[in-house]
file work.txt (compact mmCIF, N, CA and C atoms and all ligand atoms)
# COMPACT_ATOMS: atom_id res chain seq x y z
N ALA A 1 -151.55 -45.31 -43.75
CA ALA A 1 -150.24 -44.83 -43.26
C ALA A 1 -150.47 -43.51 -42.53
N ARG A 2 -150.01 -43.43 -41.27
CA ARG A 2 -150.27 -42.23 -40.49
C ARG A 2 -149.23 -41.15 -40.77
N LYS A 3 -148.59 -41.21 -41.97
CA LYS A 3 -147.60 -40.17 -42.25
C LYS A 3 -147.86 -39.56 -43.61
N CYS A 4 -147.41 -38.35 -43.73
CA CYS A 4 -147.73 -37.53 -44.87
C CYS A 4 -146.55 -37.54 -45.85
N VAL A 5 -146.78 -38.10 -47.04
CA VAL A 5 -145.76 -38.10 -48.09
C VAL A 5 -146.27 -37.21 -49.22
N LEU A 6 -145.42 -36.36 -49.76
CA LEU A 6 -145.87 -35.30 -50.66
C LEU A 6 -146.24 -35.76 -52.06
N SER A 7 -145.82 -37.00 -52.44
CA SER A 7 -146.08 -37.39 -53.84
C SER A 7 -147.60 -37.43 -54.10
N GLY A 8 -147.98 -37.06 -55.30
CA GLY A 8 -149.38 -37.05 -55.71
C GLY A 8 -149.80 -35.70 -56.26
N LEU A 9 -151.14 -35.52 -56.32
CA LEU A 9 -151.74 -34.35 -56.97
C LEU A 9 -152.34 -33.44 -55.90
N TRP A 10 -152.02 -32.14 -55.94
CA TRP A 10 -152.47 -31.17 -54.95
C TRP A 10 -153.07 -29.95 -55.62
N LYS A 11 -154.00 -29.26 -54.91
CA LYS A 11 -154.54 -27.98 -55.38
C LYS A 11 -154.53 -27.00 -54.23
N ASN A 12 -154.46 -25.69 -54.57
CA ASN A 12 -154.51 -24.69 -53.49
C ASN A 12 -155.73 -23.80 -53.65
N GLU A 13 -155.92 -22.87 -52.76
CA GLU A 13 -157.15 -22.05 -52.71
C GLU A 13 -157.23 -21.06 -53.87
N LEU A 14 -156.11 -20.90 -54.61
CA LEU A 14 -156.15 -20.04 -55.79
C LEU A 14 -156.61 -20.81 -57.02
N GLY A 15 -156.68 -22.14 -56.89
CA GLY A 15 -157.04 -22.99 -58.01
C GLY A 15 -155.83 -23.51 -58.76
N SER A 16 -154.63 -23.23 -58.23
CA SER A 16 -153.42 -23.81 -58.84
C SER A 16 -153.35 -25.28 -58.50
N ASN A 17 -152.68 -26.07 -59.35
CA ASN A 17 -152.46 -27.45 -58.96
C ASN A 17 -151.04 -27.87 -59.24
N MET A 18 -150.58 -28.89 -58.49
CA MET A 18 -149.22 -29.38 -58.68
C MET A 18 -149.21 -30.90 -58.55
N THR A 19 -148.31 -31.49 -59.31
CA THR A 19 -148.09 -32.93 -59.26
C THR A 19 -146.69 -33.16 -58.73
N ILE A 20 -146.56 -33.92 -57.68
CA ILE A 20 -145.25 -34.22 -57.11
C ILE A 20 -144.93 -35.70 -57.35
N SER A 21 -143.73 -35.92 -57.86
CA SER A 21 -143.28 -37.28 -58.18
C SER A 21 -143.01 -38.05 -56.89
N ALA A 22 -142.58 -39.26 -57.02
CA ALA A 22 -142.17 -40.07 -55.88
C ALA A 22 -141.05 -39.33 -55.15
N VAL A 23 -141.10 -39.37 -53.82
CA VAL A 23 -140.07 -38.74 -53.01
C VAL A 23 -138.95 -39.77 -52.84
N ASN A 24 -137.71 -39.41 -53.21
CA ASN A 24 -136.66 -40.43 -53.15
C ASN A 24 -136.09 -40.57 -51.74
N THR A 25 -135.16 -41.51 -51.57
CA THR A 25 -134.73 -41.89 -50.21
C THR A 25 -134.12 -40.72 -49.46
N ASP A 26 -133.54 -39.74 -50.17
CA ASP A 26 -132.96 -38.61 -49.41
C ASP A 26 -133.97 -37.47 -49.28
N GLY A 27 -135.25 -37.73 -49.61
CA GLY A 27 -136.30 -36.72 -49.43
C GLY A 27 -136.49 -35.80 -50.61
N GLY A 28 -135.66 -36.02 -51.65
CA GLY A 28 -135.77 -35.14 -52.82
C GLY A 28 -136.98 -35.49 -53.67
N PHE A 29 -137.54 -34.50 -54.33
CA PHE A 29 -138.64 -34.74 -55.27
C PHE A 29 -138.64 -33.71 -56.39
N THR A 30 -139.33 -34.05 -57.46
CA THR A 30 -139.55 -33.08 -58.55
C THR A 30 -141.04 -33.11 -58.87
N GLY A 31 -141.45 -32.19 -59.71
CA GLY A 31 -142.85 -32.19 -60.10
C GLY A 31 -143.14 -31.08 -61.08
N LEU A 32 -144.44 -30.85 -61.29
CA LEU A 32 -144.91 -29.82 -62.20
C LEU A 32 -145.94 -28.97 -61.49
N TYR A 33 -145.90 -27.67 -61.76
CA TYR A 33 -146.80 -26.71 -61.11
C TYR A 33 -147.58 -25.97 -62.18
N HIS A 34 -148.89 -25.96 -62.02
CA HIS A 34 -149.72 -25.19 -62.95
C HIS A 34 -150.42 -24.10 -62.14
N THR A 35 -149.91 -22.88 -62.21
CA THR A 35 -150.51 -21.79 -61.44
C THR A 35 -151.79 -21.31 -62.13
N ALA A 36 -152.80 -20.99 -61.30
CA ALA A 36 -154.06 -20.45 -61.82
C ALA A 36 -153.96 -18.94 -62.01
N VAL A 37 -152.94 -18.32 -61.42
CA VAL A 37 -152.81 -16.86 -61.45
C VAL A 37 -151.39 -16.45 -61.81
N THR A 38 -151.25 -15.26 -62.35
CA THR A 38 -149.93 -14.70 -62.63
C THR A 38 -149.99 -13.18 -62.47
N ALA A 39 -148.84 -12.60 -62.13
CA ALA A 39 -148.79 -11.14 -62.00
C ALA A 39 -148.39 -10.49 -63.33
N THR A 40 -148.22 -11.32 -64.36
CA THR A 40 -147.86 -10.74 -65.66
C THR A 40 -149.03 -10.94 -66.63
N ASP A 41 -148.88 -10.37 -67.82
CA ASP A 41 -149.91 -10.60 -68.85
C ASP A 41 -149.52 -11.78 -69.74
N LYS A 42 -148.48 -12.52 -69.29
CA LYS A 42 -147.98 -13.67 -70.08
C LYS A 42 -148.99 -14.83 -70.01
N HIS A 43 -148.96 -15.67 -71.04
CA HIS A 43 -149.80 -16.87 -71.02
C HIS A 43 -149.18 -17.88 -70.05
N ILE A 44 -150.00 -18.39 -69.14
CA ILE A 44 -149.52 -19.32 -68.11
C ILE A 44 -149.18 -20.67 -68.74
N ARG A 45 -148.01 -21.22 -68.36
CA ARG A 45 -147.61 -22.56 -68.81
C ARG A 45 -147.15 -23.38 -67.60
N VAL A 46 -147.26 -24.70 -67.72
CA VAL A 46 -146.80 -25.59 -66.65
C VAL A 46 -145.31 -25.35 -66.41
N SER A 47 -144.91 -25.36 -65.14
CA SER A 47 -143.52 -25.06 -64.77
C SER A 47 -142.97 -26.15 -63.86
N PRO A 48 -141.67 -26.41 -63.96
CA PRO A 48 -141.08 -27.47 -63.14
C PRO A 48 -140.85 -27.03 -61.70
N LEU A 49 -140.93 -27.99 -60.80
CA LEU A 49 -140.58 -27.72 -59.40
C LEU A 49 -139.59 -28.76 -58.91
N LYS A 50 -138.76 -28.34 -57.96
CA LYS A 50 -137.78 -29.23 -57.32
C LYS A 50 -137.80 -28.92 -55.83
N GLY A 51 -137.76 -29.98 -55.03
CA GLY A 51 -137.75 -29.71 -53.60
C GLY A 51 -137.28 -30.86 -52.76
N SER A 52 -137.40 -30.73 -51.47
CA SER A 52 -137.09 -31.82 -50.57
C SER A 52 -137.98 -31.77 -49.35
N GLN A 53 -138.23 -32.94 -48.78
CA GLN A 53 -138.99 -33.02 -47.55
C GLN A 53 -138.20 -33.84 -46.54
N LYS A 54 -138.44 -33.58 -45.26
CA LYS A 54 -137.78 -34.37 -44.21
C LYS A 54 -138.30 -35.81 -44.33
N PRO A 55 -137.42 -36.78 -44.14
CA PRO A 55 -137.82 -38.18 -44.27
C PRO A 55 -138.98 -38.51 -43.32
N THR A 56 -139.91 -39.31 -43.82
CA THR A 56 -141.10 -39.62 -43.00
C THR A 56 -140.85 -40.84 -42.10
N ASN A 57 -139.67 -41.45 -42.20
CA ASN A 57 -139.48 -42.56 -41.25
C ASN A 57 -139.32 -42.02 -39.84
N GLN A 58 -138.76 -40.78 -39.74
CA GLN A 58 -138.63 -40.18 -38.39
C GLN A 58 -139.82 -39.28 -38.06
N ARG A 59 -140.43 -38.61 -39.10
CA ARG A 59 -141.44 -37.60 -38.82
C ARG A 59 -142.76 -37.98 -39.48
N LYS A 60 -143.87 -37.73 -38.82
CA LYS A 60 -145.17 -38.02 -39.43
C LYS A 60 -145.69 -36.83 -40.22
N GLN A 61 -145.35 -35.64 -39.77
CA GLN A 61 -145.84 -34.40 -40.41
C GLN A 61 -144.64 -33.57 -40.83
N PRO A 62 -143.99 -33.99 -41.94
CA PRO A 62 -142.68 -33.40 -42.30
C PRO A 62 -142.76 -31.98 -42.82
N THR A 63 -141.68 -31.26 -42.59
CA THR A 63 -141.49 -29.96 -43.23
C THR A 63 -140.89 -30.20 -44.61
N PHE A 64 -141.07 -29.24 -45.48
CA PHE A 64 -140.57 -29.37 -46.86
C PHE A 64 -140.34 -27.98 -47.44
N GLY A 65 -139.67 -27.99 -48.59
CA GLY A 65 -139.52 -26.77 -49.37
C GLY A 65 -139.42 -27.14 -50.83
N PHE A 66 -139.87 -26.25 -51.69
CA PHE A 66 -139.64 -26.47 -53.12
C PHE A 66 -139.59 -25.15 -53.87
N THR A 67 -138.96 -25.21 -55.02
CA THR A 67 -138.76 -24.05 -55.86
C THR A 67 -139.45 -24.26 -57.19
N VAL A 68 -140.18 -23.28 -57.65
CA VAL A 68 -140.80 -23.32 -58.98
C VAL A 68 -140.08 -22.30 -59.86
N SER A 69 -139.50 -22.78 -60.96
CA SER A 69 -138.86 -21.90 -61.92
C SER A 69 -139.85 -21.68 -63.05
N TRP A 70 -140.50 -20.50 -63.06
CA TRP A 70 -141.60 -20.27 -63.99
C TRP A 70 -141.11 -20.26 -65.44
N THR A 71 -141.78 -21.01 -66.27
CA THR A 71 -141.36 -21.13 -67.69
C THR A 71 -141.85 -19.94 -68.51
N PHE A 72 -142.80 -19.18 -67.99
CA PHE A 72 -143.40 -18.11 -68.80
C PHE A 72 -143.02 -16.72 -68.31
N SER A 73 -142.21 -16.64 -67.25
CA SER A 73 -141.78 -15.31 -66.79
C SER A 73 -140.42 -15.43 -66.11
N ASN A 74 -139.64 -14.34 -66.13
CA ASN A 74 -138.30 -14.36 -65.53
C ASN A 74 -138.43 -14.20 -64.02
N SER A 75 -139.09 -15.14 -63.41
CA SER A 75 -139.30 -15.06 -61.97
C SER A 75 -139.25 -16.46 -61.37
N MET A 76 -139.19 -16.50 -60.07
CA MET A 76 -138.96 -17.75 -59.31
C MET A 76 -139.77 -17.67 -58.02
N THR A 77 -140.32 -18.79 -57.63
CA THR A 77 -141.01 -18.83 -56.33
C THR A 77 -140.44 -19.97 -55.49
N VAL A 78 -140.23 -19.70 -54.21
CA VAL A 78 -139.89 -20.76 -53.26
C VAL A 78 -141.05 -20.91 -52.29
N PHE A 79 -141.45 -22.15 -52.08
CA PHE A 79 -142.49 -22.48 -51.11
C PHE A 79 -141.83 -23.22 -49.95
N VAL A 80 -142.24 -22.93 -48.73
CA VAL A 80 -141.78 -23.69 -47.57
C VAL A 80 -142.98 -23.95 -46.68
N GLY A 81 -143.03 -25.17 -46.10
CA GLY A 81 -144.20 -25.46 -45.29
C GLY A 81 -144.14 -26.79 -44.59
N GLN A 82 -145.28 -27.22 -44.15
CA GLN A 82 -145.39 -28.49 -43.43
C GLN A 82 -146.65 -29.20 -43.84
N CYS A 83 -146.56 -30.52 -43.84
CA CYS A 83 -147.70 -31.36 -44.17
C CYS A 83 -148.39 -31.78 -42.88
N PHE A 84 -149.68 -31.52 -42.76
CA PHE A 84 -150.44 -31.89 -41.55
C PHE A 84 -151.48 -32.94 -41.94
N MET A 85 -151.72 -33.85 -41.02
CA MET A 85 -152.75 -34.87 -41.25
C MET A 85 -153.75 -34.84 -40.11
N ASP A 86 -155.07 -34.75 -40.45
CA ASP A 86 -156.07 -34.73 -39.37
C ASP A 86 -156.38 -36.16 -38.93
N ASP A 87 -157.25 -36.28 -37.93
CA ASP A 87 -157.49 -37.62 -37.38
C ASP A 87 -158.25 -38.53 -38.35
N LYS A 88 -158.75 -37.94 -39.46
CA LYS A 88 -159.38 -38.78 -40.47
C LYS A 88 -158.39 -39.13 -41.59
N GLY A 89 -157.16 -38.70 -41.43
CA GLY A 89 -156.14 -39.00 -42.44
C GLY A 89 -156.10 -38.01 -43.57
N LYS A 90 -156.87 -36.90 -43.46
CA LYS A 90 -156.87 -35.86 -44.52
C LYS A 90 -155.61 -35.01 -44.39
N GLU A 91 -154.90 -34.86 -45.51
CA GLU A 91 -153.63 -34.12 -45.48
C GLU A 91 -153.81 -32.69 -45.98
N THR A 92 -153.09 -31.78 -45.36
CA THR A 92 -153.09 -30.36 -45.74
C THR A 92 -151.65 -29.87 -45.75
N LEU A 93 -151.28 -29.16 -46.82
CA LEU A 93 -149.95 -28.54 -46.87
C LEU A 93 -150.13 -27.06 -46.56
N LYS A 94 -149.60 -26.62 -45.41
CA LYS A 94 -149.66 -25.18 -45.08
C LYS A 94 -148.33 -24.59 -45.49
N THR A 95 -148.37 -23.64 -46.41
CA THR A 95 -147.11 -23.10 -46.95
C THR A 95 -147.08 -21.57 -46.89
N MET A 96 -145.84 -21.05 -46.94
CA MET A 96 -145.58 -19.64 -47.23
C MET A 96 -144.69 -19.61 -48.45
N TRP A 97 -144.81 -18.55 -49.24
CA TRP A 97 -144.00 -18.46 -50.45
C TRP A 97 -143.38 -17.07 -50.61
N LEU A 98 -142.27 -17.04 -51.37
CA LEU A 98 -141.65 -15.80 -51.80
C LEU A 98 -141.58 -15.85 -53.32
N LEU A 99 -142.11 -14.83 -53.97
CA LEU A 99 -142.07 -14.73 -55.43
C LEU A 99 -141.08 -13.62 -55.81
N ARG A 100 -140.02 -13.99 -56.47
CA ARG A 100 -138.98 -13.02 -56.86
C ARG A 100 -139.12 -12.71 -58.34
N GLU A 101 -139.36 -11.46 -58.63
CA GLU A 101 -139.49 -10.97 -59.99
C GLU A 101 -138.12 -10.49 -60.45
N GLU A 102 -137.84 -10.62 -61.74
CA GLU A 102 -136.61 -10.05 -62.28
C GLU A 102 -136.82 -8.55 -62.50
N VAL A 103 -136.01 -7.72 -61.88
CA VAL A 103 -136.15 -6.27 -62.08
C VAL A 103 -134.94 -5.74 -62.86
N SER A 104 -135.08 -4.53 -63.38
CA SER A 104 -134.10 -4.02 -64.35
C SER A 104 -132.81 -3.53 -63.70
N SER A 105 -132.88 -3.15 -62.39
CA SER A 105 -131.65 -2.60 -61.77
C SER A 105 -131.70 -2.78 -60.26
N PRO A 106 -130.55 -2.72 -59.59
CA PRO A 106 -130.51 -2.86 -58.12
C PRO A 106 -131.43 -1.86 -57.42
N GLY A 107 -131.62 -0.71 -58.05
CA GLY A 107 -132.48 0.32 -57.47
C GLY A 107 -133.92 -0.16 -57.33
N ALA A 108 -134.27 -1.13 -58.16
CA ALA A 108 -135.65 -1.66 -58.11
C ALA A 108 -135.73 -2.93 -57.28
N ASP A 109 -134.60 -3.32 -56.71
CA ASP A 109 -134.57 -4.58 -55.96
C ASP A 109 -135.56 -4.57 -54.81
N TRP A 110 -135.80 -3.38 -54.20
CA TRP A 110 -136.66 -3.29 -52.99
C TRP A 110 -138.07 -3.79 -53.29
N LYS A 111 -138.49 -3.68 -54.55
CA LYS A 111 -139.91 -4.03 -54.83
C LYS A 111 -140.03 -5.36 -55.56
N ALA A 112 -138.97 -6.16 -55.54
CA ALA A 112 -138.94 -7.34 -56.41
C ALA A 112 -139.48 -8.63 -55.77
N THR A 113 -139.79 -8.58 -54.47
CA THR A 113 -140.18 -9.84 -53.82
C THR A 113 -141.54 -9.73 -53.16
N ARG A 114 -142.42 -10.64 -53.54
CA ARG A 114 -143.75 -10.71 -52.92
C ARG A 114 -143.79 -11.90 -51.97
N VAL A 115 -144.62 -11.84 -50.98
CA VAL A 115 -144.74 -12.93 -50.01
C VAL A 115 -146.23 -13.27 -49.85
N GLY A 116 -146.48 -14.51 -49.57
CA GLY A 116 -147.87 -14.91 -49.32
C GLY A 116 -147.96 -16.30 -48.71
N THR A 117 -149.18 -16.76 -48.53
CA THR A 117 -149.41 -18.11 -48.00
C THR A 117 -150.30 -18.87 -48.98
N ASN A 118 -150.19 -20.18 -48.97
CA ASN A 118 -151.09 -21.05 -49.73
C ASN A 118 -151.35 -22.31 -48.92
N ILE A 119 -152.56 -22.81 -48.99
CA ILE A 119 -152.91 -24.09 -48.37
C ILE A 119 -153.27 -25.06 -49.51
N PHE A 120 -152.64 -26.23 -49.50
CA PHE A 120 -152.88 -27.23 -50.53
C PHE A 120 -153.61 -28.43 -49.93
N THR A 121 -154.55 -28.98 -50.69
CA THR A 121 -155.20 -30.23 -50.31
C THR A 121 -155.12 -31.18 -51.50
N ARG A 122 -155.23 -32.50 -51.22
CA ARG A 122 -155.08 -33.49 -52.29
C ARG A 122 -156.27 -33.46 -53.25
N ILE A 123 -155.94 -33.71 -54.53
CA ILE A 123 -156.99 -33.91 -55.53
C ILE A 123 -157.16 -35.42 -55.70
N LYS A 124 -158.35 -35.91 -55.82
CA LYS A 124 -158.68 -37.34 -55.96
C LYS A 124 -158.38 -38.13 -54.70
O1 LIG A 201 -146.59 -14.42 -62.09
C1 LIG A 201 -145.46 -14.89 -62.00
C2 LIG A 201 -145.25 -16.37 -61.92
C3 LIG A 201 -146.44 -17.08 -61.32
C4 LIG A 201 -146.53 -16.80 -59.82
C5 LIG A 201 -147.71 -17.48 -59.21
C6 LIG A 201 -147.74 -17.30 -57.70
S1 LIG A 201 -146.54 -18.27 -56.86
C7 LIG A 201 -147.35 -17.95 -55.32
C8 LIG A 201 -148.84 -18.01 -55.58
N1 LIG A 201 -149.37 -19.35 -55.48
C9 LIG A 201 -149.80 -19.81 -56.66
O2 LIG A 201 -150.33 -20.94 -56.84
N2 LIG A 201 -149.65 -18.87 -57.63
C10 LIG A 201 -149.09 -17.66 -57.09
N3 LIG A 201 -144.39 -14.13 -61.99
C11 LIG A 201 -144.61 -12.71 -62.21
C12 LIG A 201 -143.53 -11.87 -61.61
C13 LIG A 201 -143.54 -10.61 -62.40
C14 LIG A 201 -144.42 -9.58 -62.08
C15 LIG A 201 -144.38 -8.41 -62.81
N4 LIG A 201 -145.30 -7.34 -62.45
O3 LIG A 201 -146.19 -7.56 -61.63
O4 LIG A 201 -145.14 -6.23 -63.00
C16 LIG A 201 -143.50 -8.26 -63.88
C17 LIG A 201 -142.66 -9.30 -64.21
C18 LIG A 201 -142.69 -10.49 -63.49
O5 LIG A 201 -141.90 -11.55 -63.81
call {"tool": "encode", "arguments": {"input": "work.txt", "output": "structure tokens"}}
result
Amino acid sequence: ARKCVLSGLWKNELGSNMTISAVNTDGGFTGLYHTAVTATDKHIRVSPLKGSQKPTNQRKQPTFGFTVSWTFSNSMTVFVGQCFMDDKGKETLKTMWLLREEVSSPGADWKATRVGTNIFTRIK
């Protein structure tokens, strides 16, 4: 299939991995995210993700977004990106993310959001 569907097992360059369920007809999906890193001293636990991708009947390299609600810290990350497929059929998810930390007061709001990029490739 010359189109990129997000369901399956993925890893990124930090060593995190995620499992995405079947993508339903309206592009919605859920899954689980296991981050290899954390900005807290908390013990890392698997966290749920929810997202959507543009339907692949119209697009071969769809854009998508998903949110991870971390189970071990009062923080949230949103990932947004696109799935690319090379001429050998190898898929890559190029993403940017925003990590929002819970801070104690509006005065600390300025320092509550981190930004970064991650590239995911399929496992197996
Ligand atoms: O660490 C997390 C959740 C895991 C985030 C993993 C990121 S998501 C993007 C990137 N890609 C990937 O695979 N993993 C990383 N939240 C900490 C926020 C926080 C920080 C502080 N602090 O630093 O003081 C205090 C209290 C806090 O709640």
call {"tool": "closest_residue", "arguments": {"input": "work.txt", "among": "A:Arg114, A:Lys90, A:Lys60, A:Lys3", "to": "ligand LIG 201 (chain A)", "atoms": "all atoms listed in the file"}}
result
A:Arg114
call {"tool": "atom_distance", "arguments": {"input": "work.txt", "atom1": "CA of Asp87 (chain A)", "atom2": "atom N of Thr67 (chain A)"}}
result
28.4 Å
call {"tool": "residues_near_point", "arguments": {"input": "work.txt", "point": "(-142.3, -40.8, -62.6)", "cutoff": "10 Å", "atoms": "only C-alpha atoms", "output": "ChimeraX atom specification"}}
result
/A:20-22,30-31
call {"tool": "closest_residue", "arguments": {"input": "work.txt", "among": "A:Gly116, A:Gly27, A:Gly81, A:Gly51", "to": "ligand LIG 201 (chain A)", "atoms": "all atoms listed in the file"}}
result
A:Gly116
call {"tool": "closest_atom_pairs", "arguments": {"input": "work.txt", "of": "chain A", "to": "ligand LIG 201 (chain A)", "cutoff": "6.5 Å", "atoms": "only N, CA and C atoms and all ligand atoms", "output": "Markdown table"}}
result
| residue | atom | partner | partner_atom | distance |
| --- | --- | --- | --- | --- |
| A:Leu14 | CA | A:LIG201 | O2 | 6.0 |
| A:Gly15 | C | A:LIG201 | O2 | 6.4 |
| A:Ser16 | CA | A:LIG201 | O2 | 4.7 |
| A:Asn17 | N | A:LIG201 | O2 | 6.2 |
| A:His34 | C | A:LIG201 | O2 | 6.2 |
| A:Thr35 | CA | A:LIG201 | O2 | 4.7 |
| A:Ala36 | N | A:LIG201 | O2 | 5.1 |
| A:Val37 | C | A:LIG201 | C5 | 4.6 |
| A:Thr38 | CA | A:LIG201 | O1 | 3.4 |
| A:Ala39 | N | A:LIG201 | O1 | 2.9 |
| A:Thr40 | N | A:LIG201 | O1 | 4.2 |
| A:Trp70 | CA | A:LIG201 | C2 | 5.7 |
| A:Ser73 | C | A:LIG201 | O5 | 4.7 |
| A:Asn74 | N | A:LIG201 | O5 | 4.3 |
| A:Ser75 | N | A:LIG201 | O5 | 4.6 |
| A:Met76 | N | A:LIG201 | N3 | 6.0 |
| A:Thr77 | CA | A:LIG201 | S1 | 5.6 |
| A:Trp97 | CA | A:LIG201 | C7 | 5.9 |
| A:Leu98 | C | A:LIG201 | C7 | 6.5 |
| A:Leu99 | CA | A:LIG201 | S1 | 5.9 |
| A:Arg100 | C | A:LIG201 | C12 | 5.6 |
| A:Glu101 | CA | A:LIG201 | C12 | 4.4 |
| A:Glu102 | N | A:LIG201 | O5 | 4.7 |
| A:Asn118 | CA | A:LIG201 | N1 | 6.2 |
call {"tool": "write_last_selection", "arguments": {"input": "work.txt", "atoms": "N, CA and C atoms", "output": "PDB file, in the frame of the given file"}}
result
ATOM      1  N   LEU A  14    -156.110 -20.900 -54.610  1.00  0.00           N
ATOM      2  CA  LEU A  14    -156.150 -20.040 -55.790  1.00  0.00           C
ATOM      3  C   LEU A  14    -156.610 -20.810 -57.020  1.00  0.00           C
ATOM      4  N   GLY A  15    -156.680 -22.140 -56.890  1.00  0.00           N
ATOM      5  CA  GLY A  15    -157.040 -22.990 -58.010  1.00  0.00           C
ATOM      6  C   GLY A  15    -155.830 -23.510 -58.760  1.00  0.00           C
ATOM      7  N   SER A  16    -154.630 -23.230 -58.230  1.00  0.00           N
ATOM      8  CA  SER A  16    -153.420 -23.810 -58.840  1.00  0.00           C
ATOM      9  C   SER A  16    -153.350 -25.280 -58.500  1.00  0.00           C
ATOM     10  N   ASN A  17    -152.680 -26.070 -59.350  1.00  0.00           N
ATOM     11  CA  ASN A  17    -152.460 -27.450 -58.960  1.00  0.00           C
ATOM     12  C   ASN A  17    -151.040 -27.870 -59.240  1.00  0.00           C
ATOM     13  N   HIS A  34    -148.890 -25.960 -62.020  1.00  0.00           N
ATOM     14  CA  HIS A  34    -149.720 -25.190 -62.950  1.00  0.00           C
ATOM     15  C   HIS A  34    -150.420 -24.100 -62.140  1.00  0.00           C
ATOM     16  N   THR A  35    -149.910 -22.880 -62.210  1.00  0.00           N
ATOM     17  CA  THR A  35    -150.510 -21.790 -61.440  1.00  0.00           C
ATOM     18  C   THR A  35    -151.790 -21.310 -62.130  1.00  0.00           C
ATOM     19  N   ALA A  36    -152.800 -20.990 -61.300  1.00  0.00           N
ATOM     20  CA  ALA A  36    -154.060 -20.450 -61.820  1.00  0.00           C
ATOM     21  C   ALA A  36    -153.960 -18.940 -62.010  1.00  0.00           C
ATOM     22  N   VAL A  37    -152.940 -18.320 -61.420  1.00  0.00           N
ATOM     23  CA  VAL A  37    -152.810 -16.860 -61.450  1.00  0.00           C
ATOM     24  C   VAL A  37    -151.390 -16.450 -61.810  1.00  0.00           C
ATOM     25  N   THR A  38    -151.250 -15.260 -62.350  1.00  0.00           N
ATOM     26  CA  THR A  38    -149.930 -14.700 -62.630  1.00  0.00           C
ATOM     27  C   THR A  38    -149.990 -13.180 -62.470  1.00  0.00           C
ATOM     28  N   ALA A  39    -148.840 -12.600 -62.130  1.00  0.00           N
ATOM     29  CA  ALA A  39    -148.790 -11.140 -62.000  1.00  0.00           C
ATOM     30  C   ALA A  39    -148.390 -10.490 -63.330  1.00  0.00           C
ATOM     31  N   THR A  40    -148.220 -11.320 -64.360  1.00  0.00           N
ATOM     32  CA  THR A  40    -147.860 -10.740 -65.660  1.00  0.00           C
ATOM     33  C   THR A  40    -149.030 -10.940 -66.630  1.00  0.00           C
ATOM     34  N   TRP A  70    -140.500 -20.500 -63.060  1.00  0.00           N
ATOM     35  CA  TRP A  70    -141.600 -20.270 -63.990  1.00  0.00           C
ATOM     36  C   TRP A  70    -141.110 -20.260 -65.440  1.00  0.00           C
ATOM     37  N   SER A  73    -142.210 -16.640 -67.250  1.00  0.00           N
ATOM     38  CA  SER A  73    -141.780 -15.310 -66.790  1.00  0.00           C
ATOM     39  C   SER A  73    -140.420 -15.430 -66.110  1.00  0.00           C
ATOM     40  N   ASN A  74    -139.640 -14.340 -66.130  1.00  0.00           N
ATOM     41  CA  ASN A  74    -138.300 -14.360 -65.530  1.00  0.00           C
ATOM     42  C   ASN A  74    -138.430 -14.200 -64.020  1.00  0.00           C
ATOM     43  N   SER A  75    -139.090 -15.140 -63.410  1.00  0.00           N
ATOM     44  CA  SER A  75    -139.300 -15.060 -61.970  1.00  0.00           C
ATOM     45  C   SER A  75    -139.250 -16.460 -61.370  1.00  0.00           C
ATOM     46  N   MET A  76    -139.190 -16.500 -60.070  1.00  0.00           N
ATOM     47  CA  MET A  76    -138.960 -17.750 -59.310  1.00  0.00           C
ATOM     48  C   MET A  76    -139.770 -17.670 -58.020  1.00  0.00           C
ATOM     49  N   THR A  77    -140.320 -18.790 -57.630  1.00  0.00           N
ATOM     50  CA  THR A  77    -141.010 -18.830 -56.330  1.00  0.00           C
ATOM     51  C   THR A  77    -140.440 -19.970 -55.490  1.00  0.00           C
ATOM     52  N   TRP A  97    -144.810 -18.550 -49.240  1.00  0.00           N
ATOM     53  CA  TRP A  97    -144.000 -18.460 -50.450  1.00  0.00           C
ATOM     54  C   TRP A  97    -143.380 -17.070 -50.610  1.00  0.00           C
ATOM     55  N   LEU A  98    -142.270 -17.040 -51.370  1.00  0.00           N
ATOM     56  CA  LEU A  98    -141.650 -15.800 -51.800  1.00  0.00           C
ATOM     57  C   LEU A  98    -141.580 -15.850 -53.320  1.00  0.00           C
ATOM     58  N   LEU A  99    -142.110 -14.830 -53.970  1.00  0.00           N
ATOM     59  CA  LEU A  99    -142.070 -14.730 -55.430  1.00  0.00           C
ATOM     60  C   LEU A  99    -141.080 -13.620 -55.810  1.00  0.00           C
ATOM     61  N   ARG A 100    -140.020 -13.990 -56.470  1.00  0.00           N
ATOM     62  CA  ARG A 100    -138.980 -13.020 -56.860  1.00  0.00           C
ATOM     63  C   ARG A 100    -139.120 -12.710 -58.340  1.00  0.00           C
ATOM     64  N   GLU A 101    -139.360 -11.460 -58.630  1.00  0.00           N
ATOM     65  CA  GLU A 101    -139.490 -10.970 -59.990  1.00  0.00           C
ATOM     66  C   GLU A 101    -138.120 -10.490 -60.450  1.00  0.00           C
ATOM     67  N   GLU A 102    -137.840 -10.620 -61.740  1.00  0.00           N
ATOM     68  CA  GLU A 102    -136.610 -10.050 -62.280  1.00  0.00           C
ATOM     69  C   GLU A 102    -136.820  -8.550 -62.500  1.00  0.00           C
ATOM     70  N   ASN A 118    -150.190 -20.180 -48.970  1.00  0.00           N
ATOM     71  CA  ASN A 118    -151.090 -21.050 -49.730  1.00  0.00           C
ATOM     72  C   ASN A 118    -151.350 -22.310 -48.920  1.00  0.00           C
TER      73      ASN A 118
END
call {"tool": "select_by_dssp", "arguments": {"input": "work.txt", "residues": "chain A", "states": "strand (DSSP E)", "output": "PyMOL selection string"}}
result
chain A and resi 8-12+17-20+28-34+47-53+63-69+75-85+91-101+113-122
call {"tool": "residues_around", "arguments": {"input": "work.txt", "residues": "Thr63 (chain A)", "least_positions_apart": "2", "cutoff": "12 Å", "atoms": "only C-alpha atoms", "output": "PyMOL selection string"}}
result
chain A and resi 3-6+27+51-56+58-61+65-66+79-84+92-96
call {"tool": "atom_distance", "arguments": {"input": "work.txt", "atom1": "CA of Pro48 (chain A)", "atom2": "CA of Leu32 (chain A)"}}
result
4.6 Å
